[in-house]
>>> print(open('start-v1.cif').read())   # mmCIF, C-alpha atoms
data_entry
#
loop_
_atom_site.group_PDB
_atom_site.id
_atom_site.type_symbol
_atom_site.label_atom_id
_atom_site.label_comp_id
_atom_site.auth_asym_id
_atom_site.auth_seq_id
_atom_site.Cartn_x
_atom_site.Cartn_y
_atom_site.Cartn_z
ATOM 1 C CA MET A 140 -32.045 5.007 13.982
ATOM 2 C CA THR A 141 -28.924 3.901 15.831
ATOM 3 C CA THR A 142 -26.266 6.195 17.224
ATOM 4 C CA LEU A 143 -23.858 5.069 14.507
ATOM 5 C CA GLU A 144 -26.390 5.879 11.791
ATOM 6 C CA ARG A 145 -27.006 9.335 13.270
ATOM 7 C CA LEU A 146 -23.269 9.966 13.484
ATOM 8 C CA TYR A 147 -22.801 8.837 9.898
ATOM 9 C CA GLU A 148 -25.652 11.088 8.752
ATOM 10 C CA ARG A 149 -24.164 14.133 10.506
ATOM 11 C CA ALA A 150 -20.707 13.376 9.153
ATOM 12 C CA ASP A 151 -22.159 13.014 5.663
ATOM 13 C CA ARG A 152 -23.978 16.338 5.913
ATOM 14 C CA GLY A 153 -20.844 18.088 7.151
ATOM 15 C CA ALA A 154 -18.716 16.478 4.455
ATOM 16 C CA GLN A 155 -21.188 17.602 1.785
ATOM 17 C CA TRP A 156 -20.971 21.201 3.001
ATOM 18 C CA LEU A 157 -17.194 21.048 3.122
ATOM 19 C CA ALA A 158 -16.972 19.606 -0.398
ATOM 20 C CA ALA A 159 -19.423 22.217 -1.691
ATOM 21 C CA ALA A 160 -17.305 24.991 -0.168
ATOM 22 C CA GLY A 161 -14.217 23.601 -1.884
ATOM 23 C CA VAL A 162 -15.979 23.346 -5.228
ATOM 24 C CA ALA A 163 -17.411 26.868 -4.858
ATOM 25 C CA LEU A 164 -13.930 28.251 -4.228
ATOM 26 C CA LEU A 165 -12.608 26.395 -7.262
ATOM 27 C CA MET A 166 -15.458 27.763 -9.403
ATOM 28 C CA LEU A 167 -14.719 31.297 -8.199
ATOM 29 C CA MET A 168 -11.053 30.835 -8.998
ATOM 30 C CA THR A 169 -11.962 29.526 -12.451
ATOM 31 C CA LEU A 170 -13.849 32.773 -13.100
ATOM 32 C CA VAL A 171 -10.834 34.813 -11.961
ATOM 33 C CA LEU A 172 -8.582 32.721 -14.208
ATOM 34 C CA MET A 173 -10.933 33.249 -17.175
ATOM 35 C CA ALA A 174 -10.930 36.991 -16.476
ATOM 36 C CA ASP A 175 -7.130 36.940 -16.334
ATOM 37 C CA ILE A 176 -6.877 35.169 -19.680
ATOM 38 C CA SER A 177 -9.369 37.472 -21.389
ATOM 39 C CA THR A 178 -7.856 40.698 -20.009
ATOM 40 C CA ARG A 179 -4.379 39.567 -21.060
ATOM 41 C CA ARG A 180 -5.575 39.052 -24.607
ATOM 42 C CA THR A 181 -7.791 42.117 -24.911
ATOM 43 C CA LEU A 182 -6.432 44.793 -22.557
ATOM 44 C CA ASN A 183 -2.833 43.612 -22.232
ATOM 45 C CA PHE A 184 -3.392 43.416 -18.468
ATOM 46 C CA ALA A 185 -2.772 40.417 -16.228
ATOM 47 C CA ILE A 186 -4.306 39.702 -12.842
ATOM 48 C CA LEU A 187 -1.396 39.207 -10.477
ATOM 49 C CA GLY A 188 -1.175 35.917 -8.568
ATOM 50 C CA THR A 189 -3.684 33.778 -10.428
ATOM 51 C CA ILE A 190 -1.333 30.794 -10.346
ATOM 52 C CA ASP A 191 -0.886 31.035 -6.568
ATOM 53 C CA LEU A 192 -4.619 31.400 -6.021
ATOM 54 C CA THR A 193 -5.500 28.605 -8.453
ATOM 55 C CA GLN A 194 -3.105 26.223 -6.716
ATOM 56 C CA LEU A 195 -4.629 27.107 -3.352
ATOM 57 C CA ALA A 196 -8.172 26.651 -4.678
ATOM 58 C CA VAL A 197 -7.273 23.237 -6.095
ATOM 59 C CA MET A 198 -5.780 22.170 -2.747
ATOM 60 C CA VAL A 199 -8.941 23.268 -0.948
ATOM 61 C CA ALA A 200 -11.284 21.615 -3.464
ATOM 62 C CA VAL A 201 -9.462 18.279 -3.512
ATOM 63 C CA PHE A 202 -8.901 17.874 0.200
ATOM 64 C CA PHE A 203 -12.286 19.272 1.249
ATOM 65 C CA ALA A 204 -13.955 16.672 -1.008
ATOM 66 C CA LEU A 205 -11.847 13.799 0.323
ATOM 67 C CA PRO A 206 -13.921 13.011 3.458
ATOM 68 C CA LEU A 207 -17.098 12.848 1.361
ATOM 69 C CA ALA A 208 -15.410 10.495 -1.109
ATOM 70 C CA PHE A 209 -14.441 8.189 1.760
ATOM 71 C CA LEU A 210 -17.900 8.314 3.363
ATOM 72 C CA HIS A 211 -19.563 7.450 0.060
ATOM 73 C CA GLU A 212 -16.869 4.890 -0.769
ATOM 74 C CA SER A 213 -16.585 6.440 -4.198
ATOM 75 C CA HIS A 214 -12.936 5.647 -4.802
ATOM 76 C CA VAL A 215 -11.983 3.370 -7.661
ATOM 77 C CA ASN A 216 -11.925 -0.281 -6.669
ATOM 78 C CA VAL A 217 -11.709 -3.653 -8.324
ATOM 79 C CA ASP A 218 -14.253 -6.024 -6.866
ATOM 80 C CA PHE A 219 -14.463 -8.970 -9.254
ATOM 81 C CA VAL A 220 -13.118 -11.241 -6.491
ATOM 82 C CA THR A 221 -14.788 -9.678 -3.469
ATOM 83 C CA SER A 222 -18.222 -9.451 -5.114
ATOM 84 C CA ARG A 223 -18.473 -13.245 -4.803
ATOM 85 C CA LEU A 224 -17.832 -13.275 -1.052
ATOM 86 C CA PRO A 225 -20.680 -13.942 1.378
ATOM 87 C CA PRO A 226 -22.002 -10.766 3.093
ATOM 88 C CA ARG A 227 -20.307 -11.422 6.443
ATOM 89 C CA ALA A 228 -16.891 -12.119 4.881
ATOM 90 C CA LEU A 229 -17.257 -9.048 2.680
ATOM 91 C CA ALA A 230 -18.082 -6.910 5.736
ATOM 92 C CA VAL A 231 -15.009 -8.241 7.567
ATOM 93 C CA LEU A 232 -12.822 -7.498 4.535
ATOM 94 C CA ASN A 233 -14.321 -4.008 4.167
ATOM 95 C CA CYS A 234 -13.741 -3.343 7.868
ATOM 96 C CA ALA A 235 -10.101 -4.437 7.592
ATOM 97 C CA THR A 236 -9.649 -2.305 4.472
ATOM 98 C CA ALA A 237 -11.140 0.721 6.223
ATOM 99 C CA LEU A 238 -8.823 0.205 9.196
ATOM 100 C CA LEU A 239 -5.773 -0.069 6.925
ATOM 101 C CA THR A 240 -6.893 3.076 5.119
ATOM 102 C CA THR A 241 -7.267 4.802 8.490
ATOM 103 C CA ALA A 242 -3.704 3.841 9.399
ATOM 104 C CA LEU A 243 -2.425 5.174 6.078
ATOM 105 C CA LEU A 244 -4.328 8.437 6.527
ATOM 106 C CA ILE A 245 -2.983 8.851 10.055
ATOM 107 C CA ALA A 246 0.545 8.450 8.652
ATOM 108 C CA ILE A 247 -0.243 11.016 5.942
ATOM 109 C CA VAL A 248 -1.532 13.497 8.525
ATOM 110 C CA TRP A 249 1.449 12.900 10.811
ATOM 111 C CA TYR A 250 4.134 13.352 8.158
ATOM 112 C CA SER A 251 2.297 16.206 6.444
ATOM 113 C CA PHE A 252 2.021 18.021 9.754
ATOM 114 C CA GLY A 253 5.766 17.639 10.210
ATOM 115 C CA GLN A 254 6.456 19.041 6.754
ATOM 116 C CA ALA A 255 3.987 21.901 7.306
ATOM 117 C CA ARG A 256 5.776 22.772 10.552
ATOM 118 C CA ILE A 257 9.114 22.884 8.738
ATOM 119 C CA GLN A 258 7.785 25.184 6.020
ATOM 120 C CA TYR A 259 6.088 27.380 8.612
ATOM 121 C CA ALA A 260 9.317 27.635 10.637
ATOM 122 C CA GLN A 261 11.266 28.568 7.518
ATOM 123 C CA GLY A 262 8.695 31.192 6.550
ATOM 124 C CA ASP A 263 8.104 29.681 3.095
ATOM 125 C CA LYS A 264 5.735 31.660 0.882
ATOM 126 C CA SER A 265 4.203 31.342 -2.560
ATOM 127 C CA MET A 266 6.157 32.780 -5.482
ATOM 128 C CA THR A 267 3.968 35.650 -6.653
ATOM 129 C CA LEU A 268 1.676 36.809 -3.851
ATOM 130 C CA GLY A 269 3.758 35.660 -0.912
ATOM 131 C CA ILE A 270 0.951 33.569 0.589
ATOM 132 C CA PRO A 271 2.374 31.603 3.532
ATOM 133 C CA MET A 272 2.753 27.949 2.527
ATOM 134 C CA LEU A 273 0.907 27.007 5.699
ATOM 135 C CA PHE A 274 -2.299 28.113 3.918
ATOM 136 C CA TYR A 275 -1.633 25.387 1.354
ATOM 137 C CA TRP A 276 -1.037 22.782 4.059
ATOM 138 C CA VAL A 277 -4.126 23.534 6.167
ATOM 139 C CA PRO A 278 -6.684 22.153 3.640
ATOM 140 C CA MET A 279 -4.587 19.013 3.225
ATOM 141 C CA LEU A 280 -4.254 18.476 6.958
ATOM 142 C CA LEU A 281 -7.920 19.232 7.640
ATOM 143 C CA GLY A 282 -9.220 17.081 4.783
ATOM 144 C CA SER A 283 -6.936 14.186 5.659
ATOM 145 C CA ALA A 284 -7.773 14.379 9.372
ATOM 146 C CA LEU A 285 -11.510 14.430 8.634
ATOM 147 C CA SER A 286 -10.968 11.483 6.282
ATOM 148 C CA VAL A 287 -9.547 9.546 9.250
ATOM 149 C CA GLY A 288 -12.900 10.045 10.971
ATOM 150 C CA ALA A 289 -14.754 9.010 7.810
ATOM 151 C CA THR A 290 -12.798 5.776 7.439
ATOM 152 C CA LEU A 291 -13.329 4.985 11.114
ATOM 153 C CA LEU A 292 -17.079 5.402 10.586
ATOM 154 C CA ILE A 293 -16.897 3.038 7.601
ATOM 155 C CA ALA A 294 -14.927 0.514 9.697
ATOM 156 C CA ALA A 295 -17.479 0.733 12.510
ATOM 157 C CA ARG A 296 -20.388 0.294 10.098
ATOM 158 C CA GLU A 297 -18.741 -2.727 8.488
ATOM 159 C CA ALA A 298 -17.924 -4.210 11.905
ATOM 160 C CA VAL A 299 -21.610 -3.973 12.827
ATOM 161 C CA ARG A 300 -22.546 -5.633 9.525
ATOM 162 C CA ALA A 301 -20.031 -8.415 10.172
ATOM 163 C CA ARG A 302 -21.587 -9.105 13.568
ATOM 164 C CA LEU A 303 -25.135 -9.315 12.225
#
>>> encode(input="start-v1.cif", output="structure tokens")
Amino acid sequence: MTTLERLYERADRGAQWLAAAGVALLMLMTLVLMADISTRRTLNFAILGTIDLTQLAVMVAVFFALPLAFLHESHVNVDFVTSRLPPRALAVLNCATALLTTALLIAIVWYSFGQARIQYAQGDKSMTLGIPMLFYWVPMLLGSALSVGATLLIAAREAVRARL
């Protein structure tokens, strides 16, 4: 097993754990939301802050799953043209696509970090519970930054395939 394969395997394992943590948090929040709905209807009692917590759980779930989606290349694509390319040309195209995706993700991280800094400096908080907005930005920044690493691994793998 090559160094690149070992690195990919470790990244995949870490991304699976991260995605599972995000999904677990979302499942927990779904239970809290169900409890909120049922207590409102039966006991005339609402659980305070479910909207804030649900939004945070969704942010965590989506952005913690993002690196895994990139590593598994599970995004929607249209390949009726590229499926006819020879393997080497397809690997070169996939490498270029991964590098362009990396550049886009770096821009997303950069500008998101700037916006997170602004909201942190202004002391922005969620409406009901007063959760600092930085808590909403951290999963996005972490997931996007880890996705940069995932797309670089894909680019490296495709570059090796193009050379073979």
>>> resolve_selection(input="start-v1.cif", expression="the PyMOL selection byres ((chain A and resi 254) around 12)", output="MDAnalysis selection string")
chainID A and resid 247:253 255:261 263 272:273 275:277 279:280
>>> resolve_selection(input="start-v1.cif", expression="the PyMOL selection byres ((chain A and resi 206) around 8)", output="list in words")
Ala154, Phe202, Phe203, Ala204, Leu205, Leu207, Ala208, Phe209, Leu210, Gly282, Ser283, Leu285, Ser286 and Ala289 of chain A
>>> closest_residue(input="start-v1.cif", among="A:Leu224, A:Val217, A:Ala246, A:Leu165", to="A:Thr193", atoms="all atoms listed in the file")
A:Leu165
>>> atom_distance(input="start-v1.cif", atom1="atom CA of A:Thr189", atom2="atom CA of A:Ser265")
11.4 Å
>>> axis_aligned_box(input="start-v1.cif", around="stretch 257-274 of chain A", padding_each_side="4 Å", output="lines of an AutoDock Vina configuration file")
center_x = 4.5
center_y = 29.8
center_z = 2.0
size_x = 21.6
size_y = 21.9
size_z = 25.3
>>> atom_distance(input="start-v1.cif", atom1="atom CA of A:Arg152", atom2="atom CA of A:Leu291")
16.4 Å
>>> atom_distance(input="start-v1.cif", atom1="atom CA of A:Ile270", atom2="atom CA of A:Leu164")
16.5 Å
>>> residues_around(input="start-v1.cif", residues="A:Ala294", least_positions_apart="3", cutoff="8 Å", atoms="all atoms listed in the file", output="list of chain:residue names")
A:Asn233, A:Cys234, A:Ala235, A:Thr236, A:Ala237, A:Leu238, A:Thr290, A:Leu291, A:Glu297, A:Ala298
>>> resolve_selection(input="start-v1.cif", expression="the PyMOL selection byres ((chain A and resi 141-149) around 10)", output="count of residues only")
14
>>> closest_residue(input="start-v1.cif", among="A:Ala228, A:Ala284, A:Pro278, A:Phe219", to="A:Ile245", atoms="all atoms listed in the file")
A:Ala284
>>> closest_residue(input="start-v1.cif", among="A:Ile176, A:Ala159, A:Ala242, A:Leu303", to="A:Arg227", atoms="all atoms listed in the file")
A:Leu303
>>> decode(input="start-v1.cif", residues="stretch 193-258 of chain A", atoms="C-alpha atoms", output="CSV table (one decimal), in the first residue's frame")
chain,number,residue,atom,x,y,z
A,193,THR,CA,-32.0,22.7,15.0
A,194,GLN,CA,-30.3,25.2,12.8
A,195,LEU,CA,-27.0,24.5,14.5
A,196,ALA,CA,-27.4,20.8,14.2
A,197,VAL,CA,-28.2,21.1,10.5
A,198,MET,CA,-25.0,23.2,10.0
A,199,VAL,CA,-22.9,20.6,11.8
A,200,ALA,CA,-24.5,17.7,10.0
A,201,VAL,CA,-24.1,19.2,6.5
A,202,PHE,CA,-20.6,20.5,6.8
A,203,PHE,CA,-19.3,17.5,8.8
A,204,ALA,CA,-20.5,15.2,6.0
A,205,LEU,CA,-18.9,17.4,3.3
A,206,PRO,CA,-15.4,16.0,3.4
A,207,LEU,CA,-16.7,12.4,3.2
A,208,ALA,CA,-18.9,13.4,0.2
A,209,PHE,CA,-15.8,14.8,-1.6
A,210,LEU,CA,-13.6,11.8,-0.7
A,211,HIS,CA,-16.2,9.4,-2.1
A,212,GLU,CA,-16.9,11.7,-5.0
A,213,SER,CA,-20.6,11.3,-4.3
A,214,HIS,CA,-21.7,14.7,-5.6
A,215,VAL,CA,-24.1,14.9,-8.6
A,216,ASN,CA,-22.3,14.9,-11.9
A,217,VAL,CA,-23.1,14.5,-15.6
A,218,ASP,CA,-20.7,12.2,-17.2
A,219,PHE,CA,-22.2,11.3,-20.6
A,220,VAL,CA,-19.3,13.0,-22.3
A,221,THR,CA,-16.5,12.1,-20.0
A,222,SER,CA,-17.4,8.5,-19.7
A,223,ARG,CA,-16.2,8.0,-23.3
A,224,LEU,CA,-12.7,9.4,-22.6
A,225,PRO,CA,-9.7,7.1,-22.4
A,226,PRO,CA,-8.6,6.4,-18.8
A,227,ARG,CA,-5.6,8.7,-18.9
A,228,ALA,CA,-7.5,11.7,-20.3
A,229,LEU,CA,-10.3,11.1,-17.8
A,230,ALA,CA,-7.7,11.1,-14.9
A,231,VAL,CA,-6.2,14.4,-16.2
A,232,LEU,CA,-9.7,15.9,-16.4
A,233,ASN,CA,-10.6,14.6,-12.9
A,234,CYS,CA,-7.4,16.0,-11.5
A,235,ALA,CA,-8.1,19.4,-13.0
A,236,THR,CA,-11.6,19.3,-11.7
A,237,ALA,CA,-10.4,18.4,-8.2
A,238,LEU,CA,-7.9,21.3,-8.3
A,239,LEU,CA,-10.6,23.8,-9.4
A,240,THR,CA,-12.8,22.5,-6.7
A,241,THR,CA,-9.9,23.0,-4.2
A,242,ALA,CA,-9.5,26.6,-5.4
A,243,LEU,CA,-13.2,27.2,-4.9
A,244,LEU,CA,-13.2,25.7,-1.5
A,245,ILE,CA,-10.2,27.8,-0.4
A,246,ALA,CA,-12.1,30.9,-1.5
A,247,ILE,CA,-15.2,29.7,0.5
A,248,VAL,CA,-13.0,29.2,3.6
A,249,TRP,CA,-11.3,32.5,3.1
A,250,TYR,CA,-14.4,34.6,2.7
A,251,SER,CA,-16.4,32.6,5.3
A,252,PHE,CA,-13.6,33.2,7.8
A,253,GLY,CA,-13.8,36.9,7.1
A,254,GLN,CA,-17.6,36.9,7.7
A,255,ALA,CA,-17.2,34.8,10.8
A,256,ARG,CA,-14.7,37.3,12.2
A,257,ILE,CA,-17.1,40.2,11.5
A,258,GLN,CA,-20.0,38.5,13.3
